[in-house]
file structure-v3.txt (compact mmCIF, C-alpha atoms)
# COMPACT_ATOMS: atom_id res chain seq x y z
CA MET J 1 0.00 0.00 0.00
CA THR J 2 1.55 3.22 -1.11
CA THR J 3 1.06 6.44 0.74
CA ASN J 4 0.65 9.62 -1.20
CA ARG J 5 3.07 12.16 0.18
CA PRO J 6 1.98 15.74 -0.16
CA ALA J 7 3.97 17.62 -2.75
CA LEU J 8 6.20 20.35 -1.45
CA ALA J 9 4.81 23.76 -2.13
CA PRO J 10 6.98 25.86 -4.45
CA PRO J 11 8.83 28.67 -2.75
CA ALA J 12 7.37 32.14 -2.86
CA PRO J 13 8.67 34.29 -5.73
CA LEU J 14 10.38 36.71 -3.37
CA ALA J 15 12.09 33.93 -1.41
CA ALA J 16 13.20 32.23 -4.62
CA TYR J 17 14.59 35.50 -5.95
CA LEU J 18 16.48 36.23 -2.73
CA CYS J 19 17.96 32.72 -2.74
CA LEU J 20 19.07 33.18 -6.33
CA ARG J 21 20.67 36.52 -5.51
CA ALA J 22 22.40 35.03 -2.46
CA ARG J 23 23.95 32.29 -4.62
CA THR J 24 25.03 34.85 -7.23
CA VAL J 25 26.60 37.20 -4.68
CA GLY J 26 28.28 34.26 -2.95
CA ARG J 27 29.82 33.15 -6.23
CA GLN J 28 31.07 36.70 -6.89
CA LEU J 29 32.58 36.92 -3.42
CA ARG J 30 34.33 33.59 -3.92
CA GLU J 31 35.82 34.94 -7.16
CA VAL J 32 37.61 37.62 -5.14
CA GLY J 33 39.47 34.90 -3.23
CA TRP J 34 39.90 34.18 0.45
CA VAL J 35 43.44 35.59 0.51
CA ARG J 36 42.24 39.00 -0.62
CA TRP J 37 39.35 38.87 1.81
CA ALA J 38 41.69 37.98 4.67
CA LEU J 39 43.83 41.01 3.83
CA LEU J 40 41.05 43.49 3.11
CA LEU J 41 38.29 42.55 5.53
CA PRO J 42 40.00 44.03 8.65
CA PHE J 43 40.48 47.35 6.82
CA LEU J 44 36.88 47.38 5.60
CA LEU J 45 35.49 46.67 9.06
CA ALA J 46 37.72 49.31 10.64
CA LEU J 47 36.68 51.83 7.99
CA ALA J 48 32.96 51.08 8.49
CA VAL J 49 33.21 51.40 12.27
CA GLN J 50 35.16 54.65 11.95
CA VAL J 51 32.59 56.15 9.58
CA LEU J 52 29.71 55.19 11.89
CA ARG J 53 31.41 56.55 14.98
CA THR J 54 32.30 59.80 13.22
CA ALA J 55 29.05 60.52 11.39
CA THR J 56 26.40 59.30 13.83
CA PRO J 57 27.09 61.71 16.74
CA HIS J 58 27.24 64.69 14.36
CA PRO J 59 23.86 66.49 13.98
CA TRP J 60 24.23 66.73 10.20
CA GLY J 61 26.41 63.70 9.60
CA ARG J 62 23.81 61.28 10.92
CA TRP J 63 21.38 62.44 8.22
CA ALA J 64 24.00 62.71 5.48
CA LEU J 65 25.14 59.13 5.99
CA PRO J 66 21.87 57.42 4.86
CA ILE J 67 21.55 59.84 1.94
CA GLY J 68 25.12 59.14 0.84
CA TRP J 69 24.56 55.39 1.24
CA ALA J 70 21.52 55.49 -1.04
CA LEU J 71 23.02 57.84 -3.65
CA PHE J 72 26.59 56.59 -3.89
CA VAL J 73 26.33 52.89 -2.99
CA VAL J 74 22.86 51.47 -3.61
CA LEU J 75 21.86 53.59 -6.62
CA PRO J 76 24.99 52.83 -8.73
CA LEU J 77 24.65 49.12 -7.97
CA HIS J 78 20.99 49.27 -8.94
CA ARG J 79 21.46 51.13 -12.22
CA GLN J 80 24.34 48.92 -13.38
CA ARG J 81 22.64 45.58 -12.76
CA PRO J 82 23.32 43.13 -15.61
CA ASP J 83 19.99 41.27 -15.17
CA TRP J 84 17.55 44.01 -16.15
CA ARG J 85 16.37 42.27 -19.32
CA PHE J 86 16.06 38.92 -17.56
CA LEU J 87 13.94 40.34 -14.74
CA ALA J 88 11.74 42.31 -17.13
CA ALA J 89 11.09 39.20 -19.23
CA ALA J 90 10.72 36.67 -16.39
CA ALA J 91 8.77 38.75 -13.87
CA PRO J 92 7.59 42.21 -14.97
CA ALA J 93 6.54 43.09 -11.38
CA PHE J 94 10.05 42.69 -9.96
CA ARG J 95 10.42 46.11 -8.33
CA PRO J 96 9.26 44.94 -4.85
CA TRP J 97 11.87 42.17 -5.02
CA LEU J 98 14.59 44.75 -5.60
CA ALA J 99 13.25 46.90 -2.74
CA ALA J 100 13.44 43.92 -0.38
CA GLU J 101 16.96 43.09 -1.55
CA TYR J 102 18.23 46.63 -1.01
CA ALA J 103 16.54 46.80 2.38
CA LEU J 104 18.35 43.62 3.45
CA LEU J 105 21.59 45.06 2.12
CA THR J 106 21.08 48.10 4.37
CA VAL J 107 20.37 46.11 7.54
CA PRO J 108 23.99 46.26 8.86
CA LEU J 109 23.99 50.05 8.50
CA VAL J 110 20.59 50.30 10.18
CA VAL J 111 21.70 48.12 13.10
CA GLY J 112 24.91 50.12 13.54
CA MET J 113 23.17 53.50 13.51
CA ALA J 114 20.42 52.32 15.84
CA ALA J 115 23.01 50.94 18.27
CA LEU J 116 24.74 54.34 18.33
CA GLY J 117 21.51 56.15 19.17
CA ALA J 118 20.24 57.31 15.76
CA PRO J 119 16.96 55.44 15.10
CA GLY J 120 15.55 58.18 12.86
CA PRO J 121 18.45 58.22 10.37
CA ALA J 122 18.49 54.42 10.51
CA ALA J 123 14.84 54.31 9.40
CA LEU J 124 15.63 56.89 6.71
CA ALA J 125 18.47 54.71 5.38
CA LEU J 126 16.12 51.73 5.17
CA GLY J 127 13.43 53.74 3.37
CA LEU J 128 15.82 55.38 0.89
CA ALA J 129 17.47 52.06 0.03
CA ALA J 130 14.09 50.50 -0.70
CA ALA J 131 13.02 53.54 -2.73
CA VAL J 132 16.04 53.16 -5.04
CA ALA J 133 14.25 50.20 -6.65
CA ALA J 134 11.95 52.66 -8.42
CA ALA J 135 14.84 54.11 -10.44
CA GLY J 136 15.50 52.94 -13.98
CA PRO J 137 18.60 51.27 -15.38
CA ALA J 138 21.55 53.10 -16.82
CA GLN J 139 21.78 53.35 -20.59
CA GLU J 140 23.69 50.60 -22.28
CA ILE J 141 27.20 51.74 -23.03
CA PHE J 142 27.82 49.48 -25.99
CA SER J 143 24.50 49.43 -27.77
CA ALA J 144 23.92 47.24 -30.76
CA GLN J 145 22.23 50.06 -32.63
CA ALA J 146 24.11 51.55 -35.52
CA ARG J 147 25.69 54.87 -34.60
CA ARG J 148 27.70 57.31 -36.61
CA ARG J 149 31.37 56.53 -36.20
CA SER J 150 33.66 59.25 -34.97
CA TRP J 151 37.26 59.56 -33.89
CA PHE J 152 36.30 60.67 -30.36
CA ARG J 153 33.92 57.73 -29.89
CA SER J 154 36.59 55.25 -30.93
CA ALA J 155 39.46 56.76 -28.95
CA ALA J 156 37.69 57.77 -25.70
CA PHE J 157 34.74 55.40 -25.46
CA GLU J 158 34.81 55.52 -21.65
CA TRP J 159 34.04 59.24 -21.76
CA VAL J 160 31.32 58.62 -24.33
CA SER J 161 29.68 56.23 -21.87
CA GLY J 162 29.81 58.94 -19.19
CA LEU J 163 28.25 61.45 -21.56
CA ARG J 164 25.42 59.06 -22.44
CA ALA J 165 24.78 58.29 -18.77
CA GLY J 166 24.52 62.03 -18.09
CA ARG J 167 26.88 62.21 -15.14
CA VAL J 168 29.65 64.00 -17.05
CA VAL J 169 27.24 66.47 -18.67
CA TRP J 170 25.84 67.96 -15.47
CA ALA J 171 28.59 67.18 -12.96
CA TRP J 172 31.38 69.25 -14.54
CA PRO J 173 29.57 72.63 -14.75
CA VAL J 174 27.91 72.17 -11.35
CA LEU J 175 31.18 71.30 -9.62
CA LEU J 176 33.05 74.07 -11.42
CA ALA J 177 30.42 76.60 -10.32
CA GLY J 178 30.73 75.35 -6.74
CA ALA J 179 34.52 75.62 -6.87
CA GLY J 180 34.24 79.19 -8.16
CA TRP J 181 31.71 80.14 -5.48
CA TRP J 182 33.92 78.83 -2.64
CA ARG J 183 37.27 79.70 -4.24
CA ALA J 184 38.23 81.85 -1.27
CA THR J 185 38.15 78.84 1.05
CA PRO J 186 40.94 76.24 1.05
CA VAL J 187 38.50 73.32 0.91
CA GLY J 188 36.03 74.37 -1.82
CA PRO J 189 38.10 73.88 -5.02
CA VAL J 190 39.82 70.80 -3.57
CA ALA J 191 36.50 69.13 -2.73
CA ALA J 192 35.09 70.00 -6.16
CA LEU J 193 38.17 68.55 -7.89
CA ALA J 194 37.95 65.38 -5.78
CA ALA J 195 34.26 64.97 -6.67
CA TRP J 196 35.03 65.47 -10.36
CA LEU J 197 37.79 62.86 -10.24
CA LEU J 198 35.31 60.39 -8.72
CA VAL J 199 32.94 61.10 -11.62
CA VAL J 200 35.76 60.49 -14.10
CA ALA J 201 36.78 57.27 -12.33
CA SER J 202 33.19 56.00 -12.54
CA CYS J 203 33.50 56.04 -16.35
CA TYR J 204 36.13 53.27 -16.09
CA GLY J 205 34.02 50.82 -14.09
CA THR J 206 32.43 48.92 -16.99
CA PRO J 207 34.58 46.60 -19.13
CA GLU J 208 34.35 46.88 -22.88
CA PRO J 209 33.47 43.79 -24.94
CA ALA J 210 36.29 41.41 -25.76
CA PRO J 211 35.99 41.89 -29.57
CA MET J 212 36.66 45.61 -29.12
CA LEU J 213 39.75 44.79 -27.10
CA LEU J 214 40.91 42.26 -29.70
CA LEU J 215 40.48 44.67 -32.59
CA GLY J 216 42.12 47.64 -30.89
CA ALA J 217 44.99 46.03 -29.00
CA ARG J 218 48.05 44.72 -30.79
CA THR J 219 49.91 44.16 -27.51
CA PRO J 220 48.91 44.62 -23.85
CA GLY J 221 51.45 47.42 -23.40
CA GLN J 222 50.18 49.29 -26.45
CA TRP J 223 46.57 49.07 -25.27
CA LEU J 224 47.40 50.23 -21.73
CA ARG J 225 49.49 53.16 -23.00
CA GLN J 226 46.64 54.18 -25.28
CA ARG J 227 44.01 54.04 -22.54
CA LEU J 228 46.26 55.87 -20.09
CA GLY J 229 47.09 58.53 -22.65
CA TRP J 230 43.51 59.35 -23.55
CA GLY J 231 42.22 59.01 -19.99
CA LEU J 232 44.87 61.16 -18.34
CA GLY J 233 44.80 63.68 -21.20
CA TYR J 234 41.06 64.33 -20.98
CA THR J 235 41.20 64.29 -17.18
CA LEU J 236 43.89 66.96 -17.15
CA LEU J 237 42.02 69.00 -19.75
CA THR J 238 38.84 69.04 -17.67
CA ALA J 239 40.69 69.56 -14.38
CA ILE J 240 42.62 72.67 -15.52
CA PRO J 241 39.82 75.11 -14.45
CA PHE J 242 39.71 73.54 -10.97
CA LEU J 243 43.50 73.71 -10.69
CA GLY J 244 43.46 77.34 -11.81
CA LEU J 245 41.00 78.26 -9.07
CA MET J 246 43.19 76.43 -6.55
CA ALA J 247 46.33 78.22 -7.78
CA VAL J 248 44.81 81.69 -7.25
CA GLY J 249 43.27 80.67 -3.91
CA PRO J 250 44.71 79.80 -0.52
CA ALA J 251 46.21 76.52 -1.82
CA GLY J 252 48.58 78.34 -4.15
CA PRO J 253 50.39 77.02 -7.24
CA VAL J 254 52.25 74.35 -5.29
CA GLY J 255 49.04 72.99 -3.77
CA ALA J 256 47.36 72.98 -7.19
CA LEU J 257 50.32 71.09 -8.66
CA VAL J 258 50.26 68.50 -5.90
CA ALA J 259 46.48 68.05 -6.17
CA GLY J 260 46.68 67.66 -9.94
CA ALA J 261 49.42 65.04 -9.73
CA ALA J 262 47.51 63.11 -7.06
CA GLY J 263 44.32 63.22 -9.12
CA LEU J 264 46.03 61.95 -12.26
CA GLY J 265 47.65 59.18 -10.24
CA LEU J 266 44.25 58.14 -8.88
CA VAL J 267 42.73 57.99 -12.38
CA ALA J 268 45.72 55.98 -13.62
CA LEU J 269 45.24 53.45 -10.81
CA MET J 270 41.54 53.21 -11.70
CA ILE J 271 42.44 52.38 -15.31
CA PHE J 272 44.98 49.78 -14.21
CA ALA J 273 42.41 48.26 -11.82
CA LYS J 274 39.92 47.98 -14.69
CA TYR J 275 42.25 45.80 -16.75
CA ALA J 276 43.79 43.95 -13.82
CA PHE J 277 40.49 42.08 -13.35
CA TYR J 278 39.09 42.26 -16.90
CA PRO J 279 36.40 41.21 -17.87
CA SER J 280 34.70 40.70 -14.47
CA GLY J 281 32.66 43.84 -13.84
CA PHE J 282 32.13 42.95 -10.17
CA GLN J 283 35.84 42.54 -9.43
CA ILE J 284 36.66 45.72 -11.37
CA ARG J 285 34.25 47.87 -9.37
CA PHE J 286 35.24 46.10 -6.16
CA SER J 287 38.94 46.77 -6.67
CA GLN J 288 38.30 50.37 -7.72
CA GLY J 289 36.24 50.94 -4.59
CA LEU J 290 39.05 49.55 -2.46
CA LEU J 291 41.41 52.15 -3.86
CA GLY J 292 39.72 54.56 -1.46
CA LEU J 293 41.53 52.73 1.34
CA CYS J 294 44.78 54.13 -0.03
CA LEU J 295 43.57 57.62 0.88
CA LEU J 296 43.15 56.51 4.50
CA TYR J 297 46.20 54.23 4.59
CA PRO J 298 48.86 55.94 2.43
CA TRP J 299 51.42 53.21 3.08
CA LEU J 300 49.37 50.97 0.76
CA LEU J 301 49.99 53.27 -2.24
CA PRO J 302 53.46 51.97 -3.19
CA LEU J 303 52.24 48.37 -3.05
CA VAL J 304 49.14 49.09 -5.14
CA ALA J 305 51.09 51.19 -7.64
CA ALA J 306 53.56 48.32 -8.10
CA VAL J 307 51.07 45.45 -8.35
CA LEU J 308 48.26 46.89 -10.49
CA PRO J 309 50.31 47.68 -13.66
CA TRP J 310 51.91 44.24 -13.59
CA GLN J 311 48.58 42.49 -12.99
CA SER J 312 46.79 44.48 -15.73
CA HIS J 313 49.53 43.69 -18.27
CA ARG J 314 49.43 40.01 -17.31
CA ARG J 315 45.63 39.84 -17.47
CA LEU J 316 45.46 41.50 -20.88
CA ARG J 317 48.10 39.13 -22.21
CA ASP J 318 46.04 36.14 -21.07
CA VAL J 319 42.80 37.56 -22.51
CA LEU J 320 44.33 38.42 -25.87
CA GLY J 321 46.02 35.02 -26.06
CA ALA J 322 42.75 33.21 -25.35
CA GLN J 323 40.87 35.26 -27.94
CA LEU J 324 43.49 34.68 -30.64
CA LYS J 325 43.57 30.97 -29.89
CA ALA J 326 39.77 30.79 -30.14
CA GLU J 327 39.85 32.50 -33.54
CA LYS J 328 42.61 30.26 -34.92
CA MET J 329 40.99 26.98 -33.86
CA PRO J 330 38.23 26.92 -36.55
CA ASN J 331 40.79 27.59 -39.29
CA GLN J 332 43.04 24.80 -38.04
CA VAL J 333 40.12 22.39 -37.82
CA ALA J 334 39.09 23.27 -41.38
CA LEU J 335 42.60 22.63 -42.69
CA ILE J 336 42.82 19.31 -40.86
CA GLY J 337 39.54 18.26 -42.46
CA ARG J 338 40.87 19.05 -45.95
CA PRO J 339 44.44 17.72 -46.23
CA GLU J 340 44.83 18.69 -49.85
CA GLU J 341 44.18 22.35 -48.98
CA SER J 342 46.57 22.16 -46.06
CA SER J 343 49.38 20.73 -48.19
CA ALA J 344 48.75 23.33 -50.92
CA THR J 345 48.91 26.14 -48.37
CA ALA J 346 52.12 24.70 -46.92
CA SER J 347 53.73 24.47 -50.37
CA LEU J 348 52.68 28.05 -51.10
CA TYR J 349 54.33 29.26 -47.89
CA ASP J 350 57.46 27.24 -48.75
CA GLY J 351 57.58 28.88 -52.16
CA VAL J 352 57.30 32.35 -50.66
CA GLY J 353 60.06 31.53 -48.18
CA GLN J 354 62.38 30.33 -50.94
CA ARG J 355 61.80 33.55 -52.84
call {"tool": "encode", "arguments": {"input": "structure-v3.txt", "output": "structure tokens"}}
result
Amino acid sequence: MTTNRPALAPPAPLAAYLCLRARTVGRQLREVGWVRWALLLPFLLALAVQVLRTATPHPWGRWALPIGWALFVVLPLHRQRPDWRFLAAAAPAFRPWLAAEYALLTVPLVVGMAALGAPGPAALALGLAAAVAAAGPAQEIFSAQARRRSWFRSAAFEWVSGLRAGRVVWAWPVLLAGAGWWRATPVGPVAALAAWLLVVASCYGTPEPAPMLLLGARTPGQWLRQRLGWGLGYTLLTAIPFLGLMAVGPAGPVGALVAGAAGLGLVALMIFAKYAFYPSGFQIRFSQGLLGLCLLYPWLLPLVAAVLPWQSHRRLRDVLGAQLKAEKMPNQVALIGRPEESSATASLYDGVGQR
């Protein structure tokens, strides 16, 4: 006599989505490697505790912290999600799922702020993180639509992506106006330049497709020199007004020169970090975010400046080698399948060599 066991009820859509996201995030965290986590996790925890202890007791800092968390952490992650098309096709009403995910992501911040005596800002952080789900995705950088070719689009495609996303269009005049308004203070132009450099660095957070890299790069060194040349050139060109305001202000010419050199060095490290972990977008943005630790721990700068160029050159060499091998394999298979064509090609090459 067989007993009919009741079938297990399928999980709720929200629970299934959260489980899927947990597996995806776990796989991405494993890609970083336990050695890197063992080295970086103490610094990240110390940085988080320091930010909470500094901002929460301040009357304005406790309210600025949840706003900054929503605008500069949750919103960029939300707009650059790679699964927009999948969610729109599989479950059109997916916005509440995203709100729940972002609320869970904000729980550590909420617990920390509530423990330090700021329940109001903690509730605001939870509400703002959930409200980010209503925002739309960022425009695709490399669209399949036919566009008019131009020299600027081919040479500085990272800046083209920033222009399409809108952040470069409005950020530069707004920050320049702020720097001019507070030019008499020693902090105003410096803060505006730092914010502009962060906007520029955000343009280098998305990896370009591998075919573009294969067509444009003859060698890893040539590709890195080209990207550094265009990136640092346009960064310096757009930073000259900020540096001019600093030179005529309290910072003086020496301060402007030091700030400009530091800013160009930061952008160069961002470019190296992009290709050191190419083509993983998660690891690229993760490593670029960790470069902020160098501003708090300056003794890390020599190590990072020595490792990132070597790692980016090595990674590009591996990627280009894999792409070239993948392209040569079909031709080799075709020649093996037709021995008469292979022998004719070999004799032709021999004849050219004898000539």
call {"tool": "residues_around", "arguments": {"input": "structure-v3.txt", "residues": "stretch 102-115 of chain J", "least_positions_apart": "2", "cutoff": "7 Å", "atoms": "all atoms listed in the file", "output": "list in words"}}
result
Leu52, Thr56, Leu98, Ala99, Ala100, Gly117, Ala118, Pro119, Ala122, Ala125, Leu126, Ala129 and Ala130 of chain J
call {"tool": "closest_residue", "arguments": {"input": "structure-v3.txt", "among": "J:His313, J:Arg21, J:Leu295, J:Arg218", "to": "J:Asp83", "atoms": "all atoms listed in the file"}}
result
J:Arg21
call {"tool": "atom_distance", "arguments": {"input": "structure-v3.txt", "atom1": "atom CA of J:Arg36", "atom2": "atom CA of J:Arg317"}}
result
22.4 Å
call {"tool": "atom_distance", "arguments": {"input": "structure-v3.txt", "atom1": "atom CA of J:Leu269", "atom2": "atom CA of J:Ala177"}}
result
27.5 Å
call {"tool": "atom_distance", "arguments": {"input": "structure-v3.txt", "atom1": "atom CA of J:Gly321", "atom2": "atom CA of J:Phe272"}}
result
19.0 Å
call {"tool": "residues_around", "arguments": {"input": "structure-v3.txt", "residues": "stretch 302-311 of chain J", "least_positions_apart": "3", "cutoff": "10 Å", "atoms": "all atoms listed in the file", "output": "list in words"}}
result
Gly221, Leu224, Gly265, Leu266, Ala268, Leu269, Met270, Ile271, Phe272, Ala273, Lys274, Tyr275, Ala276, Phe277, Leu291, Cys294, Pro298, Trp299, Arg314, Arg315, Leu316 and Arg317 of chain J
call {"tool": "closest_residue", "arguments": {"input": "structure-v3.txt", "among": "J:Ile67, J:Ala16, J:Leu40, J:Ala259", "to": "J:Pro121", "atoms": "only C-alpha atoms"}}
result
J:Ile67
call {"tool": "closest_residue", "arguments": {"input": "structure-v3.txt", "among": "J:Pro189, J:Gly231, J:Gly120, J:Gly180", "to": "J:Pro66", "atoms": "all atoms listed in the file"}}
result
J:Gly120
call {"tool": "closest_residue", "arguments": {"input": "structure-v3.txt", "among": "J:Val248, J:Val73, J:Leu41, J:Val267", "to": "J:Val200", "atoms": "all atoms listed in the file"}}
result
J:Val267
call {"tool": "build_atoms", "arguments": {"input": "structure-v3.txt", "residues": "stretch 46-58 of chain J", "atoms": "N, CA, C and O atoms", "output": "compact mmCIF listing (two decimals), in the coordinates of the input"}}
result
# COMPACT_ATOMS: atom_id res chain seq x y z
N ALA J 46 37.23 48.13 9.91
CA ALA J 46 37.72 49.31 10.64
C ALA J 46 37.22 50.60 10.01
O ALA J 46 36.83 51.55 10.72
N LEU J 47 37.18 50.64 8.67
CA LEU J 47 36.68 51.83 7.99
C LEU J 47 35.19 52.03 8.27
O LEU J 47 34.74 53.17 8.53
N ALA J 48 34.40 50.95 8.23
CA ALA J 48 32.96 51.08 8.49
C ALA J 48 32.69 51.55 9.91
O ALA J 48 31.85 52.42 10.14
N VAL J 49 33.40 50.98 10.87
CA VAL J 49 33.21 51.40 12.27
C VAL J 49 33.63 52.85 12.46
O VAL J 49 32.95 53.62 13.17
N GLN J 50 34.71 53.26 11.82
CA GLN J 50 35.16 54.65 11.95
C GLN J 50 34.16 55.62 11.36
O GLN J 50 33.89 56.69 11.93
N VAL J 51 33.59 55.27 10.20
CA VAL J 51 32.59 56.15 9.58
C VAL J 51 31.35 56.26 10.46
O VAL J 51 30.79 57.35 10.65
N LEU J 52 30.89 55.15 11.02
CA LEU J 52 29.71 55.19 11.89
C LEU J 52 29.97 56.01 13.14
O LEU J 52 29.14 56.83 13.55
N ARG J 53 31.11 55.82 13.75
CA ARG J 53 31.41 56.55 14.98
C ARG J 53 31.63 58.04 14.73
O ARG J 53 31.40 58.86 15.62
N THR J 54 32.07 58.39 13.53
CA THR J 54 32.30 59.80 13.22
C THR J 54 31.03 60.51 12.79
O THR J 54 30.78 61.66 13.19
N ALA J 55 30.21 59.84 11.97
CA ALA J 55 29.05 60.52 11.39
C ALA J 55 27.83 60.49 12.30
O ALA J 55 27.05 61.44 12.32
N THR J 56 27.64 59.42 13.06
CA THR J 56 26.40 59.30 13.83
C THR J 56 26.26 60.35 14.93
O THR J 56 25.18 60.92 15.09
N PRO J 57 27.29 60.67 15.71
CA PRO J 57 27.09 61.71 16.74
C PRO J 57 26.92 63.12 16.18
O PRO J 57 26.40 63.99 16.88
N HIS J 58 27.33 63.35 14.94
CA HIS J 58 27.24 64.69 14.36
C HIS J 58 25.79 64.98 14.00
O HIS J 58 25.08 64.13 13.44
